[in-house]
$ cat coords-v3.cif   # mmCIF, C-alpha atoms
data_input
loop_
_atom_site.label_atom_id
_atom_site.label_comp_id
_atom_site.auth_asym_id
_atom_site.auth_seq_id
_atom_site.Cartn_x
_atom_site.Cartn_y
_atom_site.Cartn_z
CA MET B 14 -4.22 -25.12 148.53
CA SER B 15 -1.67 -27.90 148.43
CA GLY B 16 -1.06 -29.41 151.85
CA ALA B 17 -4.12 -27.83 153.44
CA PRO B 18 -6.90 -30.19 154.51
CA SER B 19 -9.75 -30.09 152.01
CA THR B 20 -13.23 -29.12 153.12
CA ASP B 21 -14.99 -29.91 149.80
CA PRO B 22 -16.95 -33.17 149.58
CA CYS B 23 -14.80 -35.92 148.09
CA PRO B 24 -15.46 -36.81 144.44
CA ASP B 25 -16.85 -40.30 143.91
CA GLU B 26 -14.71 -43.24 142.81
CA LEU B 27 -15.58 -42.86 139.13
CA THR B 28 -14.53 -39.22 139.07
CA LEU B 29 -11.24 -40.18 140.68
CA GLU B 30 -10.84 -43.03 138.20
CA ALA B 31 -11.34 -40.57 135.35
CA LEU B 32 -8.72 -38.32 136.92
CA ALA B 33 -6.28 -41.25 137.07
CA ALA B 34 -7.01 -41.96 133.40
CA GLY B 35 -5.96 -38.42 132.46
CA GLN B 36 -9.35 -36.72 132.55
CA GLY B 37 -11.01 -34.59 135.23
CA ASP B 38 -11.29 -30.86 135.74
CA PRO B 39 -8.86 -28.63 137.67
CA ALA B 40 -11.24 -28.27 140.64
CA VAL B 41 -11.15 -32.05 141.24
CA ARG B 42 -7.38 -32.05 140.89
CA ALA B 43 -7.09 -29.25 143.40
CA HIS B 44 -9.32 -31.12 145.84
CA VAL B 45 -7.31 -34.34 145.52
CA ALA B 46 -4.05 -32.49 146.12
CA GLY B 47 -5.27 -31.56 149.60
CA CYS B 48 -7.27 -34.66 150.51
CA SER B 49 -5.57 -37.70 152.02
CA ALA B 50 -8.61 -39.98 151.48
CA CYS B 51 -8.69 -39.21 147.75
CA SER B 52 -4.93 -39.57 147.47
CA GLU B 53 -5.19 -43.01 149.06
CA MET B 54 -7.89 -43.98 146.59
CA LEU B 55 -5.69 -42.91 143.69
CA GLU B 56 -2.84 -44.91 145.18
CA LEU B 57 -5.15 -47.94 145.40
CA MET B 58 -5.97 -47.54 141.68
CA ALA B 59 -2.31 -47.32 140.80
CA GLU B 60 -1.69 -50.46 142.84
CA LEU B 61 -4.54 -52.23 141.00
CA GLY B 62 -2.88 -51.34 137.72
CA ARG B 63 0.47 -52.73 138.88
CA GLU B 64 -1.09 -55.89 140.28
CA LEU B 65 -3.37 -56.73 137.36
CA SER B 66 -1.35 -55.68 134.34
CA VAL B 67 1.27 -58.37 134.89
CA SER B 68 1.23 -60.24 131.59
CA PRO B 69 2.39 -63.76 130.89
CA PRO B 70 5.66 -64.03 128.95
CA PRO B 71 5.12 -62.99 125.34
CA ILE B 72 4.29 -65.79 122.91
CA GLU B 73 5.92 -65.67 119.54
CA VAL B 74 3.45 -66.68 116.86
CA PRO B 75 5.14 -69.32 114.64
CA ALA B 76 6.17 -67.73 111.34
CA ALA B 77 4.16 -70.14 109.23
CA GLN B 78 0.97 -69.53 111.20
CA ASP B 79 1.57 -65.79 111.09
CA ARG B 80 2.01 -65.88 107.32
CA ALA B 81 -1.09 -68.01 106.91
CA LEU B 82 -3.20 -65.63 109.00
CA ARG B 83 -1.96 -62.68 106.95
CA ALA B 84 -2.74 -64.63 103.80
CA ALA B 85 -6.23 -65.27 105.17
CA ALA B 86 -6.65 -61.50 105.61
CA ALA B 87 -5.51 -60.93 102.04
CA ALA B 88 -7.87 -63.60 100.74
CA ARG B 89 -10.80 -62.12 102.60
CA ALA B 90 -10.03 -58.65 101.26
CA ALA B 91 -9.66 -60.05 97.72
CA ALA B 92 -13.03 -61.74 98.06
CA ILE B 93 -14.62 -58.40 98.98
CA ARG B 94 -13.09 -56.25 96.22
CA PRO B 95 -14.32 -57.51 92.87
CA ARG B 96 -17.77 -58.57 93.94
CA ARG B 97 -20.94 -56.60 93.63
CA THR B 98 -23.40 -56.37 96.52
CA GLY B 99 -25.61 -59.19 95.25
CA ARG B 100 -22.81 -61.75 95.20
CA ARG B 101 -20.95 -60.45 98.22
CA ALA B 102 -23.17 -62.20 100.76
CA ALA B 103 -22.66 -65.52 98.99
CA VAL B 104 -18.87 -65.06 99.12
CA VAL B 105 -18.96 -64.29 102.83
CA VAL B 106 -21.15 -67.28 103.57
CA ALA B 107 -18.91 -69.59 101.50
CA ALA B 108 -15.74 -68.36 103.21
CA CYS B 109 -17.28 -68.70 106.67
CA ALA B 110 -18.38 -72.22 105.83
CA ALA B 111 -14.83 -73.05 104.73
CA ALA B 112 -13.41 -71.73 107.99
CA VAL B 113 -15.91 -73.66 110.10
CA LEU B 114 -15.31 -76.87 108.14
CA ALA B 115 -11.56 -76.42 108.55
CA LEU B 116 -11.83 -75.96 112.29
CA VAL B 117 -13.94 -79.08 112.55
CA ALA B 118 -11.67 -81.03 110.23
CA VAL B 119 -8.43 -80.11 111.97
CA ARG B 120 -9.42 -82.11 115.03
CA GLY B 121 -9.37 -85.41 113.16
CA LEU B 122 -6.87 -84.79 110.40
CA PHE B 123 -3.60 -85.12 112.22
CA THR B 124 -4.42 -87.84 114.68
CA GLY B 125 -3.16 -90.65 112.45
CA GLU B 126 -6.58 -91.37 110.94
CA PRO B 127 -6.62 -91.55 107.13
CA PRO B 128 -7.98 -88.35 105.54
CA HIS B 129 -11.38 -88.49 103.91
CA ARG B 130 -10.01 -87.14 100.64
CA VAL B 131 -6.61 -87.33 99.04
CA ALA B 132 -6.42 -84.16 96.98
CA THR B 133 -2.98 -82.52 97.13
CA GLY B 134 -3.19 -79.29 99.09
CA ASP B 135 -6.73 -79.89 100.28
CA ILE B 136 -5.57 -80.32 103.85
CA ASP B 137 -8.93 -79.95 105.54
CA GLY B 138 -10.69 -82.17 103.02
CA ASP B 139 -13.41 -79.69 102.05
CA GLY B 140 -12.88 -80.25 98.32
CA ARG B 141 -10.92 -77.08 97.58
CA VAL B 142 -7.56 -75.50 98.26
CA ASP B 143 -7.68 -72.22 100.15
CA VAL B 144 -5.86 -70.28 102.89
CA VAL B 145 -7.62 -72.26 105.58
CA ASP B 146 -5.64 -75.28 104.36
CA ALA B 147 -2.44 -73.29 104.84
CA LEU B 148 -3.50 -72.41 108.39
CA VAL B 149 -4.39 -75.97 109.27
CA LEU B 150 -1.07 -77.28 107.94
CA ALA B 151 0.90 -74.54 109.70
CA ARG B 152 -0.64 -75.43 113.03
CA ALA B 153 -0.09 -79.14 112.49
CA LEU B 154 3.58 -78.57 111.66
CA ASP B 155 3.95 -76.45 114.76
CA ARG B 156 2.57 -79.29 116.84
CA GLY B 157 4.80 -81.86 115.18
CA ALA B 158 1.78 -83.93 114.12
CA PRO B 159 2.25 -86.81 111.65
CA MET B 160 1.78 -85.63 108.06
CA PRO B 161 -0.39 -87.47 105.55
CA GLY B 162 1.02 -87.66 102.00
CA HIS B 163 -1.44 -85.17 100.51
CA CYS B 164 0.22 -82.42 102.57
CA ASP B 165 3.32 -82.55 100.37
CA VAL B 166 2.04 -79.88 98.01
CA ASP B 167 5.35 -79.03 96.34
CA ARG B 168 6.12 -82.75 95.96
CA ASP B 169 9.66 -82.52 97.22
CA GLY B 170 9.26 -85.56 99.43
CA THR B 171 8.93 -83.67 102.73
CA VAL B 172 6.13 -81.78 104.40
CA ASP B 173 7.43 -78.48 105.73
CA ARG B 174 6.97 -74.69 105.74
CA ALA B 175 7.45 -74.57 101.98
CA ASP B 176 4.21 -76.52 101.59
CA VAL B 177 2.38 -73.95 103.74
CA ASP B 178 3.72 -71.18 101.52
CA ALA B 179 2.79 -73.12 98.40
CA ILE B 180 -0.81 -73.51 99.57
CA ALA B 181 -1.05 -69.87 100.64
CA GLY B 182 0.35 -68.81 97.26
CA LEU B 183 -2.20 -70.93 95.42
CA ALA B 184 -5.05 -69.65 97.54
CA VAL B 185 -4.39 -65.93 97.07
CA SER B 186 -3.27 -66.03 93.43
CA ILE B 187 -5.39 -64.11 90.96
CA GLY B 188 -7.33 -66.19 88.49
CA PRO B 189 -9.60 -69.19 88.65
CA ARG B 190 -9.78 -70.94 92.00
CA PRO B 191 -7.22 -73.75 92.09
CA ALA B 192 -8.86 -77.11 91.88
CA ALA B 193 -7.73 -79.74 94.34
CA ARG B 194 -5.51 -82.14 92.39
CA GLU B 195 -6.54 -85.73 92.95
CA ARG B 196 -3.68 -87.99 93.81
CA GLN B 197 -3.27 -91.74 93.65
CA GLN B 198 -3.09 -93.41 97.05
CA MET K 14 -2.45 -36.11 130.59
CA ILE K 15 -3.68 -34.13 127.59
CA GLU K 16 -1.07 -35.95 125.49
CA SER K 17 -2.35 -39.38 126.54
CA GLY K 18 -5.92 -38.34 125.69
CA LEU K 19 -4.74 -37.08 122.30
CA ARG K 20 -2.83 -40.32 121.63
CA GLU K 21 -5.95 -42.32 122.50
CA ALA K 22 -8.15 -40.23 120.20
CA THR K 23 -5.61 -40.57 117.37
CA SER K 24 -5.43 -44.30 117.88
CA ILE K 25 -9.22 -44.66 117.76
CA ALA K 26 -9.41 -42.52 114.62
CA GLU K 27 -6.68 -44.62 112.96
CA GLU K 28 -8.48 -47.80 113.86
CA ARG K 29 -11.75 -46.49 112.48
CA ALA K 30 -10.00 -45.58 109.22
CA LEU K 31 -8.48 -49.06 108.96
CA VAL K 32 -11.87 -50.68 109.52
CA ASP K 33 -13.44 -48.46 106.84
CA ARG K 34 -10.74 -49.41 104.34
CA ALA K 35 -10.95 -53.12 105.25
CA ASN K 36 -14.70 -52.99 104.63
CA LEU K 37 -13.91 -51.87 101.09
CA GLY K 38 -11.53 -54.79 100.56
CA ASP K 39 -8.18 -53.14 101.34
CA GLU K 40 -5.98 -56.10 102.27
CA ARG K 41 -3.27 -53.95 103.82
CA ALA K 42 -5.83 -52.44 106.19
CA LEU K 43 -7.15 -55.84 107.25
CA GLU K 44 -3.62 -57.14 107.71
CA ALA K 45 -2.74 -54.03 109.72
CA LEU K 46 -5.66 -54.74 112.05
CA TYR K 47 -4.34 -58.28 112.48
CA ARG K 48 -0.79 -57.10 113.26
CA ARG K 49 -2.08 -54.41 115.58
CA HIS K 50 -4.00 -56.86 117.78
CA ARG K 51 -2.21 -60.19 117.24
CA ASP K 52 0.01 -60.07 120.33
CA TRP K 53 -2.79 -58.73 122.51
CA VAL K 54 -5.10 -61.56 121.43
CA VAL K 55 -2.53 -64.30 121.94
CA GLY K 56 -1.53 -62.88 125.35
CA LEU K 57 -5.15 -62.67 126.45
CA ALA K 58 -5.83 -66.20 125.20
CA CYS K 59 -2.81 -67.43 127.12
CA ARG K 60 -4.16 -65.85 130.30
CA PHE K 61 -7.51 -67.49 129.71
CA THR K 62 -6.25 -70.95 128.81
CA GLY K 63 -2.88 -71.09 130.57
CA SER K 64 -1.36 -72.81 127.54
CA ARG K 65 0.73 -71.57 124.62
CA ASP K 66 -0.66 -74.18 122.28
CA ASP K 67 -4.28 -73.42 123.16
CA ALA K 68 -3.57 -69.70 122.85
CA LEU K 69 -2.33 -70.20 119.28
CA ASP K 70 -5.50 -72.14 118.45
CA VAL K 71 -7.60 -69.32 119.89
CA LEU K 72 -5.60 -66.75 117.91
CA GLN K 73 -6.38 -68.57 114.69
CA GLU K 74 -10.07 -69.07 115.41
CA THR K 75 -10.48 -65.49 116.61
CA PHE K 76 -9.03 -63.90 113.50
CA LEU K 77 -10.86 -66.20 111.08
CA TYR K 78 -14.04 -65.13 112.83
CA PHE K 79 -12.97 -61.47 112.78
CA TYR K 80 -12.21 -61.58 109.02
CA SER K 81 -15.58 -63.17 108.36
CA LYS K 82 -17.24 -60.01 109.69
CA PHE K 83 -15.94 -58.04 106.66
CA PRO K 84 -17.46 -56.40 104.71
CA GLY K 85 -20.04 -54.78 106.92
CA PHE K 86 -18.07 -54.73 110.17
CA THR K 87 -19.30 -51.93 112.41
CA LEU K 88 -16.91 -50.56 114.99
CA THR K 89 -18.78 -49.84 118.21
CA SER K 90 -16.02 -48.75 120.58
CA SER K 91 -12.76 -50.37 119.47
CA VAL K 92 -11.54 -53.56 117.84
CA ARG K 93 -10.38 -54.81 121.24
CA GLY K 94 -13.86 -54.25 122.61
CA PHE K 95 -15.08 -56.53 119.83
CA LEU K 96 -12.27 -59.09 120.17
CA TYR K 97 -12.42 -59.57 123.95
CA PRO K 98 -15.66 -61.62 124.07
CA VAL K 99 -14.56 -63.56 120.98
CA VAL K 100 -11.26 -64.54 122.63
CA LYS K 101 -13.07 -65.40 125.83
CA HIS K 102 -15.63 -67.62 124.14
CA LYS K 103 -13.09 -69.28 121.85
CA SER K 104 -10.95 -69.98 124.92
CA ILE K 105 -13.89 -71.59 126.66
CA SER K 106 -14.50 -73.74 123.56
CA VAL K 107 -10.86 -74.81 123.40
CA LEU K 108 -10.81 -75.65 127.10
CA ARG K 109 -14.07 -77.52 126.75
CA ARG K 110 -12.69 -79.64 123.92
CA ARG K 111 -9.40 -80.17 125.73
CA ARG K 112 -11.00 -81.17 128.99
CA LYS K 113 -13.85 -83.24 127.69
CA LEU K 114 -12.29 -86.39 129.09
CA VAL K 115 -11.94 -85.10 132.63
CA ASP K 116 -15.40 -83.60 132.95
CA LEU K 117 -16.72 -86.54 134.93
CA GLN K 118 -14.05 -86.09 137.57
CA ALA K 119 -14.84 -82.38 137.77
CA TYR K 120 -18.54 -83.14 138.04
CA ARG K 121 -17.94 -85.53 140.94
CA GLU K 122 -15.92 -82.89 142.73
CA GLY K 123 -18.63 -80.31 142.13
CA ARG K 124 -16.33 -78.07 140.10
CA ASP K 125 -17.01 -76.26 136.87
CA ALA K 126 -14.70 -78.02 134.43
CA HIS K 127 -14.85 -75.18 131.96
CA GLU K 128 -14.02 -72.41 134.35
CA LEU K 129 -11.50 -70.03 132.87
CA ARG K 130 -8.24 -69.65 134.70
CA TRP K 131 -7.92 -66.00 133.84
CA TYR K 132 -8.42 -64.81 137.35
CA PRO K 133 -7.19 -64.98 140.05
CA ALA K 134 -5.02 -68.03 139.31
CA ASP K 135 -2.19 -66.05 137.80
CA LEU K 136 -2.09 -63.37 140.43
CA SER K 137 0.27 -63.13 143.33
CA ASN K 138 -0.81 -64.00 146.83
CA SER K 139 -0.78 -60.39 147.95
CA GLN K 140 -3.35 -58.75 150.18
CA LEU K 141 -4.73 -56.81 147.23
CA SER K 142 -5.10 -60.01 145.18
CA ARG K 143 -7.13 -61.59 147.93
CA MET K 144 -9.28 -58.48 148.19
CA ILE K 145 -9.94 -58.56 144.44
CA GLY K 146 -10.65 -62.28 144.67
CA GLY K 147 -13.36 -61.48 147.21
CA LEU K 148 -15.31 -59.31 144.76
CA PRO K 149 -18.33 -60.70 142.91
CA GLU K 150 -17.39 -62.18 139.51
CA GLY K 151 -18.98 -59.40 137.45
CA HIS K 152 -17.21 -56.70 139.46
CA ARG K 153 -13.90 -58.54 139.32
CA GLU K 154 -14.02 -58.81 135.54
CA VAL K 155 -14.73 -55.09 135.17
CA VAL K 156 -11.82 -54.26 137.49
CA TRP K 157 -9.53 -56.57 135.51
CA LEU K 158 -10.60 -55.11 132.16
CA ARG K 159 -10.12 -51.56 133.40
CA PHE K 160 -6.86 -51.86 135.31
CA GLY K 161 -5.38 -55.06 133.88
CA LEU K 162 -6.16 -54.62 130.19
CA ASP K 163 -6.48 -50.84 130.35
CA LEU K 164 -9.76 -50.77 128.42
CA ARG K 165 -11.90 -47.65 128.50
CA LEU K 166 -15.34 -47.85 130.12
CA GLU K 167 -17.05 -47.74 126.70
CA GLU K 168 -14.85 -50.61 125.51
CA ILE K 169 -15.70 -52.64 128.61
CA ALA K 170 -19.41 -52.12 127.99
CA ASP K 171 -18.89 -53.28 124.41
CA ALA K 172 -16.75 -56.25 125.47
CA LEU K 173 -19.19 -57.50 128.07
CA GLY K 174 -22.33 -56.57 126.15
CA ILE K 175 -23.74 -54.58 129.05
CA PRO K 176 -24.85 -50.93 129.30
CA LEU K 177 -22.23 -48.30 130.10
CA GLY K 178 -24.19 -47.41 133.24
CA THR K 179 -23.81 -50.98 134.52
CA VAL K 180 -20.06 -50.86 133.94
CA LYS K 181 -19.86 -47.60 135.87
CA SER K 182 -21.91 -48.93 138.71
CA ARG K 183 -19.87 -52.16 138.96
CA LEU K 184 -16.61 -50.25 138.90
CA HIS K 185 -17.90 -47.77 141.45
CA ASN K 186 -19.02 -50.55 143.81
CA ALA K 187 -15.86 -52.57 143.31
CA LEU K 188 -13.59 -49.63 144.10
CA LYS K 189 -15.71 -48.75 147.10
CA SER K 190 -15.47 -52.33 148.41
CA LEU K 191 -11.73 -52.42 147.84
CA ARG K 192 -11.28 -49.15 149.70
CA SER K 193 -13.35 -50.42 152.62
CA ALA K 194 -11.41 -53.67 152.68
CA ALA K 195 -8.10 -51.80 152.60
CA GLU K 196 -9.19 -49.76 155.61
CA ASP K 197 -10.36 -52.82 157.54
CA PRO K 198 -7.77 -53.61 160.26
CA ALA K 199 -8.64 -57.34 160.12
CA VAL K 200 -7.87 -57.50 156.39
CA ARG K 201 -4.69 -55.51 156.91
CA LYS K 202 -3.58 -57.91 159.62
CA THR K 203 -4.20 -60.95 157.37
CA GLY K 204 -2.26 -59.25 154.62
CA ASP K 205 0.69 -58.57 156.91
CA ALA K 206 0.72 -62.18 158.01
CA GLY K 207 0.60 -63.38 154.37
#

$ encode --input "coords-v3.cif" --output "structure tokens"
Amino acid sequence: MSGAPSTDPCPDELTLEALAAGQGDPAVRAHVAGCSACSEMLELMAELGRELSVSPPPIEVPAAQDRALRAAAAARAAAIRPRRTGRRAAVVVAACAAAVLALVAVRGLFTGEPPHRVATGDIDGDGRVDVVDALVLARALDRGAPMPGHCDVDRDGTVDRADVDAIAGLAVSIGPRPAARERQQ
Amino acid sequence: MIESGLREATSIAEERALVDRANLGDERALEALYRRHRDWVVGLACRFTGSRDDALDVLQETFLYFYSKFPGFTLTSSVRGFLYPVVKHKSISVLRRRRKLVDLQAYREGRDAHELRWYPADLSNSQLSRMIGGLPEGHREVVWLRFGLDLRLEEIADALGIPLGTVKSRLHNALKSLRSAAEDPAVRKTGDAG
């Protein structure tokens, strides 16, 4: 049949699209092999793929942010495991609230304004130390934002990646939730 | 062709298994879902926002939202089908915050200040790009999701929150329009000149 002009009605665009995606029955394939209109349509689809799949240069996620997001996954999973159904909903709601508060807080925290609270490690000022604090600090470091003193969690005199790791470690450690340590201004 | 279908089916089955385990509190499964889709999310966010910094913000917000869906996350088509609208909406929020100060100028010029730059700003000036740019917005997005992001029709329906039949009809009409435009001598001539 190949090369001979086809006399069957042409399949519609969706059938051809399915063929291009690796599906479609042999009868359709046989028709397309002998039909210039269908071949042109398939070529158009291939061209669309080439034109539209051009991606921007890959972005490397900063290591600290990557670690913090993985720690957030671990913390979420840990929150699911030991709970029973009755308490599970409360855990989810509390964690969601923490995330929302952190996202709101991050907008004002690193703009040079004094933080509302001065607890060491409580970067987003929500009254507790959790992985969201690690995320907020990681992003601020990546931006080169000025660092308030309460970000120096390991108290080595500088605010850096080690502080992100310290917060993440505190947040995912097993045992009672770490209380935010109050610090003298 | 059979191989690619098999790979796809395996990938979907793997993803479903990861979601099931993550729902039970398996941290390695949840982290695996993050690693599996991290680069896709950040690349998509970059296309939407046109900025590395904004894309990293969107990445963070998207995954915090995604994690919050566990336990009880139900996989409809694929994780990407779920993540696409989240990335899109988070990108709009980031752009809205970022551009709050220039809204007045945009308003005076009669522009939508929060319009995403995902398409066709980052496309070449080819004849095909102009033809795609001439499609209605809903059709253009379906074409981009299918051929640009390589999503299946079911995933597109999930991503856009529209029935599968609507996706099919938009894709059908879009391809038909593109074929007609490609056969139009006037369009061809413009393309040659460009």

$ interface_residues --input "coords-v3.cif" --of "chain B" --to "chain K" --cutoff "6 Å" --atoms "only C-alpha atoms" --output "JSON, numbers by chain"
{"B": [26, 27, 35, 62, 65, 66, 83, 86, 87, 90, 93, 94]}

$ atom_distance --input "coords-v3.cif" --atom1 "atom CA of Gly162 of chain B" --atom2 "atom CA of Ala77 of chain B"
19.2 Å

$ resolve_selection --input "coords-v3.cif" --expression "the PyMOL selection byres ((chain K and resi 91) around 12)" --output "ChimeraX atom specification"
/K:21-22,24-32,46,50,86-90,92-97,164-172

$ atom_distance --input "coords-v3.cif" --atom1 "atom CA of Asp33 of chain K" --atom2 "atom CA of Leu183 of chain B"
27.6 Å

$ atom_distance --input "coords-v3.cif" --atom1 "atom CA of Ala151 of chain B" --atom2 "atom CA of Val177 of chain B"
6.2 Å

$ build_atoms --input "coords-v3.cif" --residues "segment 148-174 of chain B" --atoms "N, CA and C atoms" --output "compact mmCIF listing (two decimals), in the coordinates of the input"
# COMPACT_ATOMS: atom_id res chain seq x y z
N LEU B 148 -3.44 -72.60 106.93
CA LEU B 148 -3.50 -72.41 108.39
C LEU B 148 -3.49 -73.75 109.11
N VAL B 149 -4.29 -74.66 108.62
CA VAL B 149 -4.39 -75.97 109.27
C VAL B 149 -3.04 -76.68 109.23
N LEU B 150 -2.37 -76.61 108.06
CA LEU B 150 -1.07 -77.28 107.94
C LEU B 150 -0.02 -76.60 108.82
N ALA B 151 -0.07 -75.27 108.87
CA ALA B 151 0.90 -74.54 109.70
C ALA B 151 0.78 -74.94 111.16
N ARG B 152 -0.43 -75.06 111.63
CA ARG B 152 -0.64 -75.43 113.03
C ARG B 152 -0.20 -76.87 113.29
N ALA B 153 -0.47 -77.73 112.32
CA ALA B 153 -0.09 -79.14 112.49
C ALA B 153 1.43 -79.28 112.52
N LEU B 154 2.12 -78.53 111.67
CA LEU B 154 3.58 -78.57 111.66
C LEU B 154 4.12 -78.07 112.99
N ASP B 155 3.51 -77.03 113.48
CA ASP B 155 3.95 -76.45 114.76
C ASP B 155 3.82 -77.45 115.88
N ARG B 156 2.80 -78.29 115.80
CA ARG B 156 2.57 -79.29 116.84
C ARG B 156 3.43 -80.54 116.66
N GLY B 157 4.03 -80.66 115.47
CA GLY B 157 4.80 -81.86 115.18
C GLY B 157 3.92 -83.07 114.91
N ALA B 158 2.72 -82.82 114.39
CA ALA B 158 1.78 -83.93 114.12
C ALA B 158 2.25 -84.73 112.90
N PRO B 159 1.88 -86.01 112.83
CA PRO B 159 2.25 -86.81 111.65
C PRO B 159 1.56 -86.26 110.40
N MET B 160 2.28 -86.27 109.28
CA MET B 160 1.78 -85.63 108.06
C MET B 160 1.33 -86.64 107.02
N PRO B 161 0.06 -86.61 106.66
CA PRO B 161 -0.39 -87.47 105.55
C PRO B 161 0.26 -87.02 104.24
N GLY B 162 0.33 -87.93 103.26
CA GLY B 162 1.02 -87.66 102.00
C GLY B 162 0.44 -86.49 101.22
N HIS B 163 -0.85 -86.25 101.32
CA HIS B 163 -1.44 -85.17 100.51
C HIS B 163 -1.05 -83.78 100.99
N CYS B 164 -0.27 -83.72 102.10
CA CYS B 164 0.22 -82.42 102.57
C CYS B 164 1.47 -81.97 101.82
N ASP B 165 2.09 -82.88 101.10
CA ASP B 165 3.32 -82.55 100.37
C ASP B 165 2.95 -81.87 99.05
N VAL B 166 2.59 -80.61 99.15
CA VAL B 166 2.04 -79.88 98.01
C VAL B 166 3.09 -79.64 96.93
N ASP B 167 4.32 -79.30 97.36
CA ASP B 167 5.35 -79.03 96.34
C ASP B 167 6.06 -80.30 95.86
N ARG B 168 5.64 -81.44 96.41
CA ARG B 168 6.12 -82.75 95.96
C ARG B 168 7.64 -82.88 96.00
N ASP B 169 8.21 -82.36 97.09
CA ASP B 169 9.66 -82.52 97.22
C ASP B 169 10.01 -83.65 98.18
N GLY B 170 9.02 -84.39 98.58
CA GLY B 170 9.26 -85.56 99.43
C GLY B 170 9.18 -85.27 100.91
N THR B 171 9.08 -84.00 101.31
CA THR B 171 8.93 -83.67 102.73
C THR B 171 7.77 -82.69 102.91
N VAL B 172 7.19 -82.74 104.09
CA VAL B 172 6.13 -81.78 104.40
C VAL B 172 6.72 -80.75 105.35
N ASP B 173 6.82 -79.53 104.91
CA ASP B 173 7.43 -78.48 105.73
C ASP B 173 6.81 -77.12 105.42
N ARG B 174 7.50 -76.06 105.90
CA ARG B 174 6.97 -74.69 105.74
C ARG B 174 6.75 -74.33 104.26
